[in-house]
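Undergrad: Structure incoming, see below.
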Amino acid sequence: MALYQENDLRIYNSLTRKKESFEALNAPHLGLYVCGPTVYNDVHLGNCRTFISFDLVYRYLTHLGYKVRYVRNITDAGHLENDADEGEDKISQRARLEKLEPMEIVQKYTLGFHQIMEKFNAHPPTIEPTATGHIVEQIQMIEKILEAGLAYEVNGSVYFDVAKYNQSNDYGKLSGRKIEELISGTRELDAQSEKRNPLDFAIWKKAAPSHIQRWQSPWSEGFPGWHLECSVMSTKYLGPTFDIHGGGMDLKFPHHECEIAQNKASQGSEGVRYWMHGNMLTLNGQRMSKSTGNTLLPLELFTGNTEKLEKGFHPTVVRFFMMQAHYGSQLDFSNEALLAAEKGYHKLMDAWQKLQNAQAGSNGEFSVSEWRQRCYAAMNDDFNSPVLIAHLFEAVRFINSAEGAQLALNAKDLELLRQTFHDFLFDVLGLEEISESQGGEKLDQVMQVLIELRAQARADRDFALSDAIRDKLAAAGVALKDGKDGTTYTLEN
Ligand code: AMP
Ligand code: ZN
C-alpha cells in the first residue's frame with residue numbers, strides 16, 4: 001500500500017476557504033502547477049519563500065508516493081508594468097536599460113533563478129514551460145474564448161468580457177470579491193481606453209511600434225496578456241481539470257481569478273480542484289517587494305553583505321527558518337530570527353549525528369511509532385511544517401537524554417527512528433548537512449587565526465595587510481563581516 005493511501009492529507013483550498021481531504025484525480029498521478037517568476041530581475045527572498053513553500057508541498061506529495069507532474073512556468077513575455085494592461089513590458093523595459101536583447105535578459109535571470117533555487121535545495125519542476133514557447137496555444141485559447149462570445153476585439157487587441165462572463169459565472173469567487181464592489185473600486189475608463197468595462201482584461205495586445213517582443217496573430221502583430229499563459233500551460237500539460245494550483249497570495253486577484261475565467265470560457269471547466277496560496281515574507285513588517293526597495297537578495301543573505309544583517313547565513317539555515325512557519329502564515333524576516341533558526345538547525349543536525357552513531361538497548365518510554373504518526377499527522381494537516389519541526393525536537397530531546405551512545409530503544413525501533421528522522425529532515429523539509437568543507441570546527445579555528453591577524457594589522461595601522469587578508473579571502477570565496485560583536489565569516493556556496 002502506498003503511503004498516500006494510509007494518510008488522510010488535508011489541504012486548505014483557497015477556493016472553498018476550507019481544509020479539505022485531498023483526493024487525487026488520477027492517483028498515483030498528480031498534477032501540480034505553480035506560477036513561476038517573471039525573469040526580468042534577480043529573485044528576492046520573498047519570491048524564494050513562495051517557491052520553497054511549494055517545494056515542500058512537492059516533496060511531501062512525492063514522499064507519499066504520488067507521481068507528481070510539477071509544472072512551474074517562466075514568464076518571459078507579456079507581463080506589463082504594475083501588472084496592468086497598459087505600460088511597458090517588464091522584460092523589454094529591462095532590456096532597454098541594460099542594452100541587451102529581451103531574450104538575453106530572460107536567459108540571464110532564468111539562470112540566476114535556477115542557481116538560487118539549487119542553493120536552497122529546491123527541486124526543479126518536471127516541466128518548466130515558457131510563455132514565448134506557447135504563443136500558438138495561447139492564440140488558440142483566445143480563439144475559443146472569442147467563439148464562446150466571451151471576448152471582443154478592438155483595434156487589434158482582444159479583451160475578456162468580464163461582465164458577460166459574470167452573467168452565468170461568478171467572477172471573484174476565488175478572491176471573495178463581488179463584481180459590483182470591483183466595479184465601484186476601479187477608475188472610470190479614460191477616453192482612449194478600448195475596454196468596454198474597466199474590469200475587462202487583455203488576452204491579446206496589439207504591440208506599439210516600440211514594443212520589441214511581438215508575434216503574428218489573426219488580430220494584430222502583438223503579444224498575449226499575462227494571465228493567459230498560465231491557463232494555457234497548466235491545462236496543456238495537466239489536462240482540463242487538474243489537482244493543485246499554487247502561487248503567492250498576491251496572485252489570487254486578478255491573476256488566478258482571470259485564469260479560472262479563461263479556463264471556463266475556453267473549455268467549459270474551471271481547471272483547478274485545489275487552489276493553494278503561500279503567504280508573504282515581510283521585512284520590517286512590510287511585504288518584501290522589489291518595487292518598494294524593501295527587499296533582500298539571497299546572495300546578500302548568504303554573504304552577509306548588507307547593512308540589514310550582522311552576518312551571512314547558509315542557505316539551508318534560511319530554508320529551515322522558512323520551514324519554521326506554516327506556508328499560509330506571514331513570516332517576518334529579521335537578523336534575530338535567523339540567528340535563532342541557525343541555533344535550532346545545529347541542534348537538529350547534532351542530534352542526527354548522535355542518532356547515526358547510537359546503539360540499541362531496550363525500550364523505554366519513548367514510543368517511536370506514535371511519534372512517527374504525529375510527524376505524519378502534522379504534515380497531513382495542510383503541510384504543517386512548524387508542528388512537524390516541534391515533533392522532531394521531541395525526538396531530539398529523547399536522543400540527547402541518553403547517557404552515552406545507547407538509546408532506550410530496541411534495534412527495530414532505533415532503525416525506525418533513524419529512517420523517519422532522515423525522511424522528514426532531508427526528503428520532506430529538504431534540509432542539508434553543512435559539510436566539513438563548508439564550515440566545521442577546523443575551519444572555524446583557522447579562520448579565527450586569520451581574523452585575529454587582520455585585527456592586529458588594523459591595530460598596527462597596517463591597512464595594506466588587513467585589506468589584503470580580506471580581499472584574498474573574498475577571492476577564495478570567504479566573506480568577512482565586521483559586526484558590533486566582532487568579525488564573522490561566511491562561505492560562498
Ligand atoms: P513575480 O516574479 O513577481 O511574478 O513573483 C513570483 C512569485 O513570488 C509569485 O508567486 C509571488 O506571489 C511571489 N512573491 C512576491 N513577493 C513575495 C513576498 N514578499 N513573499 C512571498 N512571495 C512573494
Ligand atoms: Zn501564473
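As shown in the C-alpha cells, the chain order sets the letters A, B, ...; within each chain, residues go from 1, and ligands are also counted from 1 in the order they appear.
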Excluding stretch 164-170 of chain A and its own-chain neighbours fewer than 4 positions away, which residues fall within 9 Å of it when counting only C-alpha atoms? Please give them as JSON, numbers by chain.

TA: {"A": [149, 150, 151, 160, 178, 179, 261, 264, 265]}

Undergrad: Selection from above, N, CA and C atoms, as an mmCIF file, in the first residue's frame, can you write it?

TA:
data_model
loop_
_atom_site.group_PDB
_atom_site.id
_atom_site.type_symbol
_atom_site.label_atom_id
_atom_site.label_comp_id
_atom_site.auth_asym_id
_atom_site.auth_seq_id
_atom_site.Cartn_x
_atom_site.Cartn_y
_atom_site.Cartn_z
ATOM 1 N N GLY A 149 -18.031 33.760 -27.314
ATOM 2 C CA GLY A 149 -18.659 35.077 -27.174
ATOM 3 C C GLY A 149 -18.261 35.792 -25.892
ATOM 4 N N LEU A 150 -17.149 35.399 -25.304
ATOM 5 C CA LEU A 150 -16.773 35.994 -24.020
ATOM 6 C C LEU A 150 -15.554 36.908 -24.117
ATOM 7 N N ALA A 151 -15.244 37.295 -25.359
ATOM 8 C CA ALA A 151 -14.168 38.274 -25.559
ATOM 9 C C ALA A 151 -14.526 39.086 -26.790
ATOM 10 N N PHE A 160 -11.070 40.212 -22.564
ATOM 11 C CA PHE A 160 -12.020 39.283 -21.957
ATOM 12 C C PHE A 160 -13.194 40.099 -21.415
ATOM 13 N N LYS A 178 -16.944 40.716 -4.852
ATOM 14 C CA LYS A 178 -18.197 40.805 -5.602
ATOM 15 C C LYS A 178 -17.964 41.737 -6.779
ATOM 16 N N ILE A 179 -18.541 41.377 -7.890
ATOM 17 C CA ILE A 179 -18.254 42.147 -9.099
ATOM 18 C C ILE A 179 -18.688 43.613 -8.958
ATOM 19 N N ALA A 261 -11.493 32.219 -15.100
ATOM 20 C CA ALA A 261 -12.440 32.709 -16.116
ATOM 21 C C ALA A 261 -12.011 32.243 -17.516
ATOM 22 N N LYS A 264 -12.694 28.446 -17.922
ATOM 23 C CA LYS A 264 -14.119 28.135 -18.048
ATOM 24 C C LYS A 264 -14.619 28.568 -19.424
ATOM 25 N N ALA A 265 -14.194 29.763 -19.850
ATOM 26 C CA ALA A 265 -14.684 30.289 -21.126
ATOM 27 C C ALA A 265 -14.174 29.462 -22.304
#

Undergrad: What do you get as a list in words if you pick all residues at most 10 Å from ligand 2, counting only C-alpha atoms and all ligand atoms?

TA: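 Residues satisfying the distance criterion: Tyr33, Val34, Cys35, Gly36, Pro37, Thr38, Arg72, Asn73, Ile74, Thr75, Trp226, His227, Leu228, Glu229, Cys230, Ser231, Val232, Met233, Ser234, His245, Gly246, Gly247, Gly248, Leu251, Lys252, His255, His256, Cys258 and Glu259 of chain A.
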
Undergrad: May I have the residues within 9 Å of ligand 1, computed using only C-alpha atoms and all ligand atoms, as a short mmCIF file (atom, residue, chain, number, x, y, z; two decimals) with N, CA and C atoms, in the first residue's frame?

TA:
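Saved the output as out-v1.cif:
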data_model
loop_
_atom_site.label_atom_id
_atom_site.label_comp_id
_atom_site.auth_asym_id
_atom_site.auth_seq_id
_atom_site.Cartn_x
_atom_site.Cartn_y
_atom_site.Cartn_z
N VAL A 34 2.51 25.59 -10.48
CA VAL A 34 2.87 26.75 -9.64
C VAL A 34 3.30 27.89 -10.56
N CYS A 35 2.76 29.09 -10.29
CA CYS A 35 3.15 30.26 -11.09
C CYS A 35 4.62 30.56 -10.81
N GLY A 36 5.40 30.63 -11.87
CA GLY A 36 6.84 30.86 -11.72
C GLY A 36 7.18 32.34 -11.79
N PRO A 37 8.46 32.66 -11.83
CA PRO A 37 8.87 34.06 -11.80
C PRO A 37 8.78 34.75 -13.16
N THR A 38 8.67 36.07 -13.11
CA THR A 38 8.86 36.88 -14.30
C THR A 38 10.35 37.23 -14.30
N VAL A 39 11.04 36.76 -15.33
CA VAL A 39 12.51 36.80 -15.27
C VAL A 39 13.09 38.10 -15.84
N TYR A 40 12.84 39.19 -15.10
CA TYR A 40 13.37 40.49 -15.56
C TYR A 40 14.31 41.09 -14.53
N ASN A 41 14.47 40.43 -13.38
CA ASN A 41 15.46 40.89 -12.40
C ASN A 41 15.76 39.74 -11.45
N VAL A 43 15.66 37.34 -8.42
CA VAL A 43 14.58 37.00 -7.47
C VAL A 43 14.99 37.48 -6.09
N HIS A 44 14.03 38.02 -5.34
CA HIS A 44 14.33 38.40 -3.96
C HIS A 44 13.88 37.29 -3.02
N LEU A 45 14.18 37.48 -1.75
CA LEU A 45 13.93 36.40 -0.80
C LEU A 45 12.43 36.09 -0.66
N GLY A 46 11.59 37.11 -0.89
CA GLY A 46 10.14 36.90 -0.84
C GLY A 46 9.71 35.92 -1.91
N ASN A 47 10.16 36.15 -3.15
CA ASN A 47 9.85 35.21 -4.24
C ASN A 47 10.30 33.81 -3.83
N CYS A 48 11.51 33.75 -3.28
CA CYS A 48 12.07 32.44 -2.92
C CYS A 48 11.18 31.73 -1.92
N ARG A 49 10.59 32.49 -0.99
CA ARG A 49 9.76 31.83 0.02
C ARG A 49 8.63 31.05 -0.66
N THR A 50 7.96 31.70 -1.60
CA THR A 50 6.84 31.03 -2.27
C THR A 50 7.32 29.75 -2.95
N PHE A 51 8.44 29.83 -3.65
CA PHE A 51 8.91 28.64 -4.37
C PHE A 51 9.38 27.55 -3.40
N ILE A 74 7.92 29.87 -16.63
CA ILE A 74 8.80 31.04 -16.65
C ILE A 74 8.06 32.09 -17.47
N THR A 75 7.78 33.24 -16.86
CA THR A 75 7.13 34.32 -17.60
C THR A 75 8.21 35.13 -18.30
N HIS A 79 4.20 40.37 -19.41
CA HIS A 79 3.90 40.89 -18.06
C HIS A 79 4.26 42.38 -18.04
N ASP A 83 1.58 45.15 -13.28
CA ASP A 83 0.68 44.04 -13.56
C ASP A 83 -0.56 44.50 -14.32
N GLY A 246 -0.81 26.40 -7.38
CA GLY A 246 -0.29 27.23 -6.31
C GLY A 246 0.32 28.52 -6.81
N GLY A 247 0.58 29.40 -5.86
CA GLY A 247 1.24 30.68 -6.14
C GLY A 247 1.20 31.53 -4.89
N GLY A 248 1.82 32.70 -4.93
CA GLY A 248 1.76 33.60 -3.78
C GLY A 248 0.37 34.21 -3.67
N MET A 249 0.00 34.63 -2.44
CA MET A 249 -1.32 35.21 -2.17
C MET A 249 -1.64 36.40 -3.06
N ASP A 250 -0.57 37.16 -3.36
CA ASP A 250 -0.78 38.38 -4.15
C ASP A 250 -1.27 38.05 -5.56
N LEU A 251 -1.18 36.79 -5.96
CA LEU A 251 -1.61 36.43 -7.31
C LEU A 251 -3.09 36.03 -7.39
N LYS A 252 -3.72 35.91 -6.20
CA LYS A 252 -5.13 35.47 -6.19
C LYS A 252 -5.97 36.37 -7.10
N HIS A 277 -2.40 28.95 -1.70
CA HIS A 277 -1.69 30.23 -1.76
C HIS A 277 -0.71 30.38 -0.61
N GLY A 278 0.51 30.70 -0.96
CA GLY A 278 1.55 30.90 0.05
C GLY A 278 1.50 32.33 0.54
N ASN A 279 1.77 32.49 1.84
CA ASN A 279 1.73 33.84 2.40
C ASN A 279 3.08 34.56 2.19
N MET A 280 3.07 35.82 2.50
CA MET A 280 4.20 36.70 2.15
C MET A 280 5.32 36.68 3.18
N LEU A 281 6.50 36.92 2.69
CA LEU A 281 7.65 37.18 3.55
C LEU A 281 7.73 38.69 3.72
N THR A 282 7.83 39.12 4.97
CA THR A 282 7.89 40.57 5.21
C THR A 282 9.25 40.93 5.80
N LEU A 283 9.58 42.19 5.63
CA LEU A 283 10.81 42.73 6.20
C LEU A 283 10.39 44.01 6.90
N GLN A 286 6.72 44.95 6.52
CA GLN A 286 6.17 45.29 5.20
C GLN A 286 6.50 44.17 4.22
N ARG A 287 5.60 43.90 3.29
CA ARG A 287 5.84 42.88 2.30
C ARG A 287 7.16 43.14 1.56
N MET A 288 7.94 42.08 1.41
CA MET A 288 9.18 42.24 0.67
C MET A 288 8.84 42.42 -0.80
N SER A 289 9.35 43.46 -1.39
CA SER A 289 8.99 43.71 -2.78
C SER A 289 10.06 44.55 -3.45
N LYS A 290 10.36 44.19 -4.66
CA LYS A 290 11.42 44.86 -5.40
C LYS A 290 11.07 46.33 -5.62
N THR A 295 13.59 45.02 0.40
CA THR A 295 13.88 43.70 -0.13
C THR A 295 15.26 43.23 0.29
N GLN A 330 2.02 34.62 7.49
CA GLN A 330 3.01 35.63 7.14
C GLN A 330 4.28 35.36 7.96
N LEU A 331 5.41 35.66 7.40
CA LEU A 331 6.67 35.41 8.11
C LEU A 331 7.52 36.66 8.03
#

Undergrad: For the atom pair atom CA of A:Thr130 and atom CA of A:Gly239, what is the interatomic distance in Å to one decimal place?

TA: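 Pair atom CA of A:Thr130 / atom CA of A:Gly239 returns 17.4 Å.
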
Undergrad: Which is closest to A:Asp444 among A:Tyr489, A:Phe113, A:Phe366, A:Phe426, if we use only C-alpha atoms?

TA: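 Counting only C-alpha atoms, the residue closest to A:Asp444 is A:Tyr489.
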
Undergrad: If you count only C-alpha atoms, which residues fall within 8 Å of A:Val158, apart from same-chain ones fewer than 6 positions away, as a list in words?

TA: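 Surrounding residues, per the criterion: Ala151, Tyr152, Ala202, Ile203, Trp204, Lys205 and Trp219 of chain A.
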
Undergrad: Report the residues of stretch 68-307 of chain A whose backbone DSSP state falls under helix (DSSP H, G or I), written as an NGL selection string.

TA: :A and (81-83 or 90-98 or 102-119 or 132-147 or 162-168 or 179-184 or 226-238 or 249-267 or 298-303)

Undergrad: Using C-alpha atoms, can you export the residues from the last selection as a compact mmCIF listing (two decimals), in the first residue's frame?

TA:
# COMPACT_ATOMS: atom_id res chain seq x y z
CA GLU A 81 4.48 47.25 -15.54
CA ASN A 82 2.23 47.33 -12.43
CA ASP A 83 0.68 44.04 -13.56
CA LYS A 90 8.82 44.41 -17.72
CA ILE A 91 11.33 42.39 -19.75
CA SER A 92 11.54 44.86 -22.65
CA GLN A 93 11.99 47.72 -20.21
CA ARG A 94 14.89 45.94 -18.59
CA ALA A 95 16.38 45.04 -21.97
CA ARG A 96 16.35 48.72 -22.89
CA LEU A 97 18.01 49.72 -19.59
CA GLU A 98 20.71 47.04 -19.76
CA PRO A 102 14.96 40.70 -24.28
CA MET A 103 15.96 37.06 -24.60
CA GLU A 104 19.35 37.87 -23.06
CA ILE A 105 17.53 39.33 -20.08
CA VAL A 106 15.37 36.21 -19.91
CA GLN A 107 18.39 33.92 -20.08
CA LYS A 108 20.39 35.86 -17.50
CA TYR A 109 17.67 35.94 -14.86
CA THR A 110 16.42 32.42 -15.55
CA LEU A 111 19.90 31.06 -14.92
CA GLY A 112 20.20 33.21 -11.79
CA PHE A 113 16.85 31.93 -10.54
CA HIS A 114 17.87 28.31 -11.10
CA GLN A 115 21.15 28.81 -9.25
CA ILE A 116 19.39 30.30 -6.25
CA MET A 117 16.79 27.54 -6.17
CA GLU A 118 19.57 24.97 -6.23
CA LYS A 119 21.30 26.64 -3.30
CA THR A 132 7.11 32.58 -25.53
CA GLY A 133 7.24 28.85 -26.26
CA HIS A 134 3.43 28.65 -26.19
CA ILE A 135 2.25 31.53 -28.37
CA VAL A 136 0.42 29.21 -30.78
CA GLU A 137 -1.53 27.58 -27.94
CA GLN A 138 -2.33 31.00 -26.48
CA ILE A 139 -3.73 32.18 -29.80
CA GLN A 140 -5.85 29.01 -29.94
CA MET A 141 -7.25 29.68 -26.48
CA ILE A 142 -8.12 33.25 -27.44
CA GLU A 143 -9.96 31.91 -30.49
CA LYS A 144 -12.01 29.62 -28.28
CA ILE A 145 -12.89 32.42 -25.89
CA LEU A 146 -13.96 34.57 -28.85
CA GLU A 147 -16.03 31.69 -30.23
CA VAL A 162 -15.92 40.09 -17.57
CA ALA A 163 -19.46 41.41 -17.28
CA LYS A 164 -20.77 38.93 -19.84
CA TYR A 165 -18.86 36.06 -18.25
CA ASN A 166 -20.30 37.01 -14.90
CA GLN A 167 -23.88 36.64 -16.16
CA SER A 168 -23.55 32.87 -15.88
CA ILE A 179 -18.25 42.15 -9.10
CA GLU A 180 -20.25 45.22 -8.06
CA GLU A 181 -17.61 46.13 -5.49
CA LEU A 182 -14.88 45.51 -8.01
CA ILE A 183 -16.53 47.84 -10.49
CA SER A 184 -17.04 50.61 -7.95
CA TRP A 226 -0.09 37.96 -18.80
CA HIS A 227 -2.89 35.83 -17.30
CA LEU A 228 -3.29 33.72 -20.41
CA GLU A 229 -0.03 31.79 -20.30
CA CYS A 230 -0.83 30.05 -17.01
CA SER A 231 -4.26 28.89 -18.23
CA VAL A 232 -2.66 27.55 -21.38
CA MET A 233 0.36 25.85 -19.89
CA SER A 234 -1.41 24.31 -16.89
CA THR A 235 -4.18 22.73 -18.97
CA LYS A 236 -1.84 21.72 -21.79
CA TYR A 237 0.40 19.67 -19.51
CA LEU A 238 -2.01 18.68 -16.73
CA MET A 249 -1.32 35.21 -2.17
CA ASP A 250 -0.78 38.38 -4.15
CA LEU A 251 -1.61 36.43 -7.31
CA LYS A 252 -5.13 35.47 -6.19
CA PHE A 253 -6.51 38.61 -7.76
CA PRO A 254 -6.53 39.33 -10.59
CA HIS A 255 -4.12 36.69 -11.95
CA HIS A 256 -5.73 33.48 -10.67
CA GLU A 257 -9.27 34.85 -10.88
CA CYS A 258 -8.60 35.54 -14.57
CA GLU A 259 -7.15 32.05 -15.05
CA ILE A 260 -10.39 30.50 -13.79
CA ALA A 261 -12.44 32.71 -16.12
CA GLN A 262 -10.25 31.90 -19.14
CA ASN A 263 -10.36 28.17 -18.44
CA LYS A 264 -14.12 28.14 -18.05
CA ALA A 265 -14.68 30.29 -21.13
CA SER A 266 -12.39 28.25 -23.38
CA GLN A 267 -13.02 24.70 -22.21
CA PRO A 298 19.54 35.76 -1.47
CA LEU A 299 23.19 36.49 -2.20
CA GLU A 300 23.20 39.36 0.32
CA LEU A 301 21.85 36.92 2.83
CA PHE A 302 24.37 34.18 2.13
CA THR A 303 27.37 36.54 2.28

Undergrad: When you look at A:Glu221 with a cut-off of 7 Å (counting only C-alpha atoms), what residues show up, excluding the ones that are within fewer than 3 positions of it in the same chain? I need them as a list in words.

TA: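 Close residues of A:Glu221: Lys206, Ala207, Arg214, Trp215, Gln216 and Ser217 of chain A.
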
Undergrad: What does the distance between atom CA of A:Glu342 and atom CA of A:Val317 come to in Å, to one decimal place?

TA: 5.6 Å

Undergrad: I'd like to know which of A:Phe120, A:Met322, A:Arg458, A:Ala360 is closest to A:Ala411, using only C-alpha atoms.

TA: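 Of A:Phe120, A:Met322, A:Arg458, A:Ala360, the one nearest A:Ala411, counting only C-alpha atoms, is A:Ala360.
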